[in-house]
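Shown next: upload-v1.cif, containing mmCIF, C-alpha atoms.
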data_entry
#
loop_
_atom_site.label_atom_id
_atom_site.label_comp_id
_atom_site.auth_asym_id
_atom_site.auth_seq_id
_atom_site.Cartn_x
_atom_site.Cartn_y
_atom_site.Cartn_z
CA MET A 1473 0.00 0.00 0.00
CA ALA A 1474 1.27 3.47 -0.93
CA ALA A 1475 0.99 4.70 2.63
CA LEU A 1476 3.81 2.38 3.62
CA GLN A 1477 6.16 3.50 0.86
CA HIS A 1478 6.82 7.10 1.82
CA THR A 1479 10.38 8.09 2.63
CA PRO A 1480 10.94 7.69 6.38
CA ILE A 1481 11.27 10.91 8.34
CA SER A 1482 13.46 11.57 11.32
CA LEU A 1483 11.34 11.87 14.43
CA GLN A 1484 13.55 14.40 16.14
CA SER A 1485 12.43 17.50 17.99
CA GLN A 1486 13.40 20.81 16.42
CA THR A 1487 14.00 22.52 19.75
CA PRO A 1488 17.64 22.80 20.88
CA SER A 1489 17.16 21.64 24.47
CA SER A 1490 16.65 17.95 25.32
CA PRO A 1491 14.92 16.85 22.09
CA PRO A 1492 12.48 14.02 22.82
CA GLN A 1493 13.18 10.71 21.10
CA LEU A 1494 10.39 8.40 20.02
CA SER A 1495 11.02 5.77 22.66
CA SER A 1496 8.93 3.57 24.89
CA THR A 1497 11.13 4.57 27.83
CA LEU A 1498 10.21 8.25 27.80
CA THR A 1499 8.94 9.54 31.12
CA PRO A 1500 6.15 12.11 30.56
CA ARG A 1501 6.69 15.59 31.93
CA THR A 1502 4.70 16.55 35.01
CA SER A 1503 2.88 19.84 35.42
CA THR A 1504 -0.34 21.37 36.70
CA LEU A 1505 -2.78 23.32 34.59
CA SER A 1506 -6.16 24.87 34.95
CA PHE A 1507 -7.43 22.84 31.99
CA SER A 1508 -9.47 19.75 32.79
CA PHE A 1509 -9.25 16.94 30.27
CA SER A 1510 -11.63 14.02 30.53
CA SER A 1511 -14.20 12.36 28.35
CA THR A 1512 -16.38 15.42 28.93
CA PHE A 1513 -13.74 18.13 29.03
CA THR A 1514 -14.72 21.78 28.76
CA PRO A 1515 -13.66 23.41 25.47
CA ILE A 1516 -10.72 25.79 25.79
CA PRO A 1517 -11.75 29.46 25.45
CA LEU A 1518 -9.52 30.92 22.78
CA LYS A 1519 -9.39 34.41 21.30
CA LEU A 1520 -7.13 35.00 18.31
CA SER A 1521 -5.86 38.19 16.77
CA SER A 1522 -6.90 38.69 13.15
CA SER A 1523 -3.45 37.70 11.87
CA ALA A 1524 -3.23 34.61 14.09
CA ALA A 1525 -6.76 33.60 13.11
CA ALA A 1526 -5.78 33.81 9.45
CA VAL A 1527 -2.81 31.51 10.03
CA VAL A 1528 -4.96 29.05 11.97
CA THR A 1529 -7.53 29.01 9.16
CA LEU A 1530 -4.83 28.45 6.54
CA ARG A 1531 -3.26 25.58 8.50
CA ARG A 1532 -6.66 24.06 9.22
CA ASN A 1533 -7.52 24.07 5.51
CA GLY A 1534 -4.21 22.57 4.40
CA GLY A 1535 -2.85 25.56 2.44
CA GLY A 1536 -4.34 24.61 -0.94
CA ALA A 1537 -3.95 21.61 -3.24
CA LEU A 1538 -0.14 21.51 -3.15
CA GLY A 1539 -0.10 21.94 0.61
CA ALA A 1540 -2.65 19.15 0.97
CA ARG A 1541 -0.48 16.74 -1.04
CA MET A 1542 2.62 17.62 0.96
CA ASN A 1543 0.72 17.25 4.21
CA ALA A 1544 -0.64 13.86 3.16
CA SER A 1545 2.89 12.63 2.41
CA ALA A 1546 4.24 13.90 5.73
CA ALA A 1547 1.26 12.50 7.66
CA ALA A 1548 1.78 9.06 6.11
CA SER A 1549 5.45 9.11 7.10
CA TYR A 1550 4.66 10.09 10.69
CA ALA A 1551 1.94 7.45 10.93
CA THR A 1552 4.26 4.75 9.57
CA ALA A 1553 6.97 5.75 12.06
CA LEU A 1554 4.53 5.50 14.98
CA ALA A 1555 3.32 2.10 13.78
CA ASP A 1556 6.91 0.88 13.45
CA VAL A 1557 7.66 1.83 17.05
CA ALA A 1558 4.45 0.17 18.23
CA LYS A 1559 5.36 -3.04 16.36
CA SER A 1560 8.86 -3.07 17.84
CA ASN A 1561 7.37 -2.70 21.33
CA ASN A 1562 4.61 -5.25 20.68
CA THR A 1563 2.04 -2.57 21.53
CA LEU A 1564 0.33 -2.12 18.17
CA GLU A 1565 -3.16 -2.80 19.52
CA THR A 1566 -2.67 -0.53 22.54
CA THR A 1567 -1.22 2.20 20.33
CA ALA A 1568 -4.25 1.93 18.05
CA GLY A 1569 -6.35 2.54 21.16
CA ASP A 1570 -4.20 5.58 21.98
CA VAL A 1571 -4.81 6.95 18.49
CA GLU A 1572 -8.57 6.61 18.98
CA LYS A 1573 -8.32 8.61 22.22
CA ILE A 1574 -6.25 11.27 20.46
CA ASP A 1575 -8.84 11.43 17.70
CA LYS A 1576 -11.53 12.28 20.25
CA PHE A 1577 -9.48 15.04 21.86
CA PHE A 1578 -8.40 16.72 18.65
CA GLY A 1579 -11.87 16.29 17.21
CA GLU A 1580 -12.88 19.12 19.54
CA PRO A 1581 -12.36 22.31 17.45
CA SER A 1582 -11.18 24.43 20.37
CA VAL A 1583 -8.48 21.90 21.27
CA PHE A 1584 -7.28 21.63 17.67
CA ASP A 1585 -7.23 25.41 17.25
CA PHE A 1586 -5.30 25.77 20.52
CA PHE A 1587 -2.50 23.55 19.27
CA ILE A 1588 -2.21 25.06 15.79
CA ASN A 1589 -2.35 28.62 17.11
CA PRO A 1590 1.14 30.07 16.40
CA THR A 1591 0.80 32.71 19.13
CA ILE A 1592 0.65 30.15 21.96
CA ASP A 1593 3.98 29.19 23.54
CA LEU A 1594 5.23 25.63 22.95
CA ASP A 1595 5.64 25.03 26.68
CA LYS A 1596 1.94 25.69 27.22
CA LYS A 1597 1.08 23.19 24.50
CA ARG A 1598 3.38 20.60 26.07
CA LYS A 1599 1.71 21.10 29.45
CA VAL A 1600 -1.71 20.56 27.91
CA LEU A 1601 -0.40 17.39 26.27
CA ASP A 1602 0.73 16.22 29.70
CA GLU A 1603 -2.81 16.71 31.01
CA ILE A 1604 -4.25 14.82 28.05
CA ALA A 1605 -1.77 11.99 28.61
CA LYS A 1606 -2.61 11.72 32.31
CA SER A 1607 -6.36 11.73 31.86
CA SER A 1608 -6.24 9.24 28.97
CA THR A 1609 -3.40 7.02 30.25
CA LEU A 1610 -1.54 7.21 26.97
CA GLN A 1611 1.59 5.12 26.52
CA PRO A 1612 4.94 6.94 26.93
CA HIS A 1613 5.93 6.55 23.29
CA THR A 1614 2.55 7.96 22.20
CA VAL A 1615 3.06 10.98 24.46
CA ASN A 1616 6.57 11.38 23.09
CA PHE A 1617 5.20 11.25 19.56
CA LEU A 1618 2.74 14.07 20.28
CA ASN A 1619 5.50 16.17 21.84
CA ILE A 1620 7.61 15.67 18.72
CA LEU A 1621 4.76 16.96 16.57
CA VAL A 1622 4.40 20.01 18.81
CA ASP A 1623 8.15 20.72 18.86
CA ALA A 1624 8.38 20.31 15.08
CA LYS A 1625 5.30 22.51 14.66
CA ARG A 1626 3.54 19.73 12.78
CA ILE A 1627 0.70 19.12 15.20
CA ASP A 1628 -1.60 20.57 12.54
CA LEU A 1629 -1.17 17.22 10.74
CA ILE A 1630 -2.67 15.24 13.62
CA LYS A 1631 -6.01 14.53 11.92
CA ASP A 1632 -4.29 13.35 8.74
CA ILE A 1633 -1.85 11.26 10.79
CA ILE A 1634 -4.76 9.58 12.56
CA LYS A 1635 -6.32 8.64 9.21
CA GLU A 1636 -3.01 7.37 7.83
CA PHE A 1637 -2.30 5.36 10.98
CA GLU A 1638 -5.60 3.56 10.50
CA VAL A 1639 -4.57 2.69 6.94
CA VAL A 1640 -1.19 1.38 8.12
CA TYR A 1641 -2.76 -0.53 11.01
CA ASN A 1642 -5.32 -2.17 8.74
CA LYS A 1643 -2.57 -3.19 6.31
CA ILE A 1644 -0.39 -4.70 9.03
CA THR A 1645 -3.23 -6.63 10.67
CA ASP A 1646 -5.07 -7.57 7.46
CA THR A 1647 -8.12 -5.69 8.69
CA GLU A 1648 -11.00 -4.51 6.52
CA LEU A 1649 -12.73 -1.35 7.72
CA ALA A 1650 -16.50 -1.29 7.24
CA ILE A 1651 -18.52 1.84 7.98
CA VAL A 1652 -22.10 0.97 8.90
CA THR A 1653 -24.57 3.84 8.66
CA SER A 1654 -28.06 3.49 10.10
CA VAL A 1655 -30.97 5.55 11.40
CA VAL A 1656 -30.63 4.21 14.94
CA LYS A 1657 -27.83 2.42 16.77
CA LEU A 1658 -27.68 -1.23 15.71
CA GLU A 1659 -27.42 -4.07 18.20
CA SER A 1660 -24.05 -5.77 18.64
CA GLN A 1661 -25.31 -9.05 17.21
CA HIS A 1662 -26.43 -7.29 14.03
CA LEU A 1663 -23.03 -5.63 13.67
CA ALA A 1664 -21.38 -9.01 14.15
CA GLN A 1665 -23.47 -10.44 11.31
CA ILE A 1666 -22.49 -7.54 9.07
CA ALA A 1667 -18.83 -8.06 9.95
CA LYS A 1668 -19.05 -11.75 8.98
CA GLN A 1669 -20.61 -10.86 5.65
CA VAL A 1670 -17.92 -8.26 4.88
CA GLN A 1671 -15.28 -10.84 5.82
CA LYS A 1672 -16.78 -13.29 3.32
CA LEU A 1673 -16.82 -10.64 0.59
CA THR A 1674 -13.26 -9.43 1.16
CA GLY A 1675 -11.43 -12.44 2.54
CA ALA A 1676 -9.87 -10.22 5.19
CA LYS A 1677 -8.53 -11.81 8.37
CA ASN A 1678 -10.25 -9.19 10.53
CA VAL A 1679 -13.13 -6.77 10.07
CA ARG A 1680 -13.41 -3.56 12.01
CA ILE A 1681 -16.80 -1.87 12.22
CA LYS A 1682 -17.37 1.85 12.59
CA THR A 1683 -20.91 3.11 13.03
CA GLU A 1684 -22.57 6.34 11.96
CA ILE A 1685 -26.11 7.67 12.38
CA ASP A 1686 -28.00 9.18 9.44
CA PRO A 1687 -31.76 9.85 9.92
CA SER A 1688 -32.21 10.54 6.18
CA LEU A 1689 -31.97 6.80 5.48
CA VAL A 1690 -35.51 6.42 6.91
CA ALA A 1691 -34.81 2.80 7.91
CA GLY A 1692 -32.36 0.02 7.15
CA PHE A 1693 -28.63 0.63 6.81
CA THR A 1694 -25.69 1.00 4.44
CA VAL A 1695 -22.25 -0.64 4.60
CA ARG A 1696 -19.26 1.00 2.95
CA TYR A 1697 -15.98 -0.89 2.69
CA GLY A 1698 -13.06 -1.46 0.34
CA ASN A 1699 -10.31 0.97 -0.63
CA SER A 1700 -11.38 4.39 0.68
CA GLY A 1701 -14.93 3.07 1.02
CA SER A 1702 -15.26 2.42 -2.69
CA LYS A 1703 -17.77 -0.43 -2.27
CA LEU A 1704 -21.29 0.06 -0.98
CA ILE A 1705 -24.07 -2.21 0.25
CA ASP A 1706 -27.23 -0.11 0.44
CA LEU A 1707 -30.13 -1.72 2.28
CA SER A 1708 -31.80 1.52 3.30
CA VAL A 1709 -35.44 2.43 2.76
CA LYS A 1710 -34.29 5.69 1.19
CA LYS A 1711 -32.54 3.73 -1.57
CA GLN A 1712 -35.61 1.56 -2.12
CA LEU A 1713 -37.86 4.60 -2.43
CA GLU A 1714 -35.47 6.18 -4.94
CA GLU A 1715 -35.54 3.00 -7.03
CA ILE A 1716 -39.34 2.91 -6.93
CA ALA A 1717 -39.49 6.55 -8.00
CA ALA A 1718 -37.13 5.82 -10.89
CA GLU A 1719 -39.24 2.88 -12.05
CA LEU A 1720 -42.39 5.00 -11.94
CA ASP A 1721 -40.64 7.69 -13.99
CA LEU A 1722 -41.62 10.47 -11.61
CA GLY A 1723 -39.20 12.85 -13.25
CA ASP A 1724 -37.95 15.68 -11.12
CA ILE A 1725 -40.23 14.95 -8.17
CA LYS A 1726 -38.07 14.86 -5.06
CA LEU A 1727 -38.77 12.93 -1.91
CA ASN A 1728 -38.48 15.17 1.13
CA LEU A 1729 -37.54 12.58 3.72
#
Please go through the file and, once you have read it, give me the structure as structure tokens.
Amino acid sequence: MAALQHTPISLQSQTPSSPPQLSSTLTPRTSTLSFSFSSTFTPIPLKLSSSAAAVVTLRRNGGGALGARMNASAAASYATALADVAKSNNTLETTAGDVEKIDKFFGEPSVFDFFINPTIDLDKKRKVLDEIAKSSTLQPHTVNFLNILVDAKRIDLIKDIIKEFEVVYNKITDTELAIVTSVVKLESQHLAQIAKQVQKLTGAKNVRIKTEIDPSLVAGFTVRYGNSGSKLIDLSVKKQLEEIAAELDLGDIKLNL
């Protein structure tokens, strides 16, 4: 897979003093902050100057098509490096769990904007990372990895790195990702049946299910799998109604569901 073929990057901090190495023996820094990080943490209040806000917006949007391609390449390299360390430590599964926790934290816009804000001192960002690490019990090498991204001023790539890590993880473990979208949350036994069917279709050793809710489906569900979700099983009522409408040749009549 292409994601595993990018030129390796050197995971070295760019700061002159005590650069963190990506190692399982790293001891996290200790500090106290007023921020409270938990599964229900309060968003960080953040006010940006107009110039800083412009930079944050540019970095959030990837800096255009060329910037997006460069970011994707760098993100793949970082993700591969993290996976390599996890494999060498026999902690690939636990590291994958760490990445899911990180995804939740940085999925909060105020947290993401805090870290990509160029006007905030690096030490403050490191202290917040320490709080995240403590509340989420991240592994030392995962904490070290995040500190490297902060020191190298590449934390803006974190969302892309998370996506690329999932690609690398799935490749290593022969795992097929299936995204199941339904109107309401499906029962575990139903998801297990879907996983077995996807396994039969793909021949993958493992199947990982992600769920999404979409009320517009009316009822039923869809399953998207394959490379970048290229294959679709649509068993939704919405799809059935669209097919009926097409057969009846209703023209431009739209169903407001």
Contacts of segment 1691-1722 of chain A with segment 1668-1685 of chain A up to 9 Å, shortest pair per row, all atoms listed in the file, as a Markdown table:
| residue | atom | partner | partner_atom | distance |
| --- | --- | --- | --- | --- |
| A:Val1695 | CA | A:Val1670 | CA | 8.8 |
| A:Tyr1697 | CA | A:Val1670 | CA | 7.9 |
| A:Gly1698 | CA | A:Thr1674 | CA | 8.0 |
Within 10 Å of Lys1597 of chain A, counting all atoms listed in the file, which residues show up once you throw out same-chain ones fewer than 2 positions away? Write them as a PDB file with C-alpha atoms, in the frame of the given file, please.
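Heads up, here's the output in around.pdb:
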ATOM      1  CA  PHE A1586      -5.300  25.770  20.520  1.00  0.00           C
ATOM      2  CA  PHE A1587      -2.500  23.550  19.270  1.00  0.00           C
ATOM      3  CA  ILE A1588      -2.210  25.060  15.790  1.00  0.00           C
ATOM      4  CA  ASN A1589      -2.350  28.620  17.110  1.00  0.00           C
ATOM      5  CA  ILE A1592       0.650  30.150  21.960  1.00  0.00           C
ATOM      6  CA  ASP A1593       3.980  29.190  23.540  1.00  0.00           C
ATOM      7  CA  LEU A1594       5.230  25.630  22.950  1.00  0.00           C
ATOM      8  CA  ASP A1595       5.640  25.030  26.680  1.00  0.00           C
ATOM      9  CA  LYS A1599       1.710  21.100  29.450  1.00  0.00           C
ATOM     10  CA  VAL A1600      -1.710  20.560  27.910  1.00  0.00           C
ATOM     11  CA  LEU A1601      -0.400  17.390  26.270  1.00  0.00           C
ATOM     12  CA  ASP A1602       0.730  16.220  29.700  1.00  0.00           C
ATOM     13  CA  GLU A1603      -2.810  16.710  31.010  1.00  0.00           C
ATOM     14  CA  ASN A1619       5.500  16.170  21.840  1.00  0.00           C
ATOM     15  CA  VAL A1622       4.400  20.010  18.810  1.00  0.00           C
ATOM     16  CA  ASP A1623       8.150  20.720  18.860  1.00  0.00           C
TER      17      ASP A1623
END
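Reported to one decimal place, the separation of atom CA of Ser1700 of chain A from atom CA of Ser1688 of chain A is 22.4 Å.
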Which residue of A:Val1615, A:Leu1610, A:Ile1633, A:Ala1605 approaches Ser1549 of chain A most closely, using only C-alpha atoms: A:Ile1633
Excluding same-chain residues fewer than 2 positions from Thr1694 of chain A, what lies within 9 Å of it counting all atoms listed in the file, as a PyMOL selection string? chain A and resi 1651-1654+1689+1692+1696+1704-1708
Surrounding residues of Gly1569 of chain A excluding itself and chain neighbours under 6 positions, 10 Å, only C-alpha atoms, as a compact mmCIF listing (two decimals) with C-alpha atoms, in the coordinates of the input:
# COMPACT_ATOMS: atom_id res chain seq x y z
CA THR A 1563 2.04 -2.57 21.53
CA ASP A 1575 -8.84 11.43 17.70
CA LEU A 1610 -1.54 7.21 26.97
CA GLN A 1611 1.59 5.12 26.52
Enumerate, as a ChimeraX atom specification, the residues matched when the PyMOL selection byres ((chain A and resi 1578) around 12) is run on the file above. /A:1509,1513,1515-1516,1571-1577,1579-1588,1601,1604,1618,1627-1634
Given all atoms listed in the file as the counted atoms, nearest of A:Ala1544, A:Ala1558, A:Ala1664, A:Ala1650 to Pro1612 of chain A: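 Closest to Pro1612 of chain A, using all atoms listed in the file: A:Ala1558.
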One number please: atom CA of Thr1552 of chain A to atom CA of Phe1637 of chain A, in Å, one decimal. 6.7 Å
To one decimal place in Å, what is the distance between atom CA of Ala1717 of chain A and atom CA of Ser1702 of chain A?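 Calculated distance between atom CA of Ala1717 of chain A and atom CA of Ser1702 of chain A is 25.1 Å.
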Give as a ChimeraX atom specification the residues that the PyMOL selection byres ((chain A and resi 1642-1644) around 10) matches when applied to the coordinates above. /A:1473,1475-1476,1555,1559,1564,1636-1641,1645-1649,1676,1678-1680
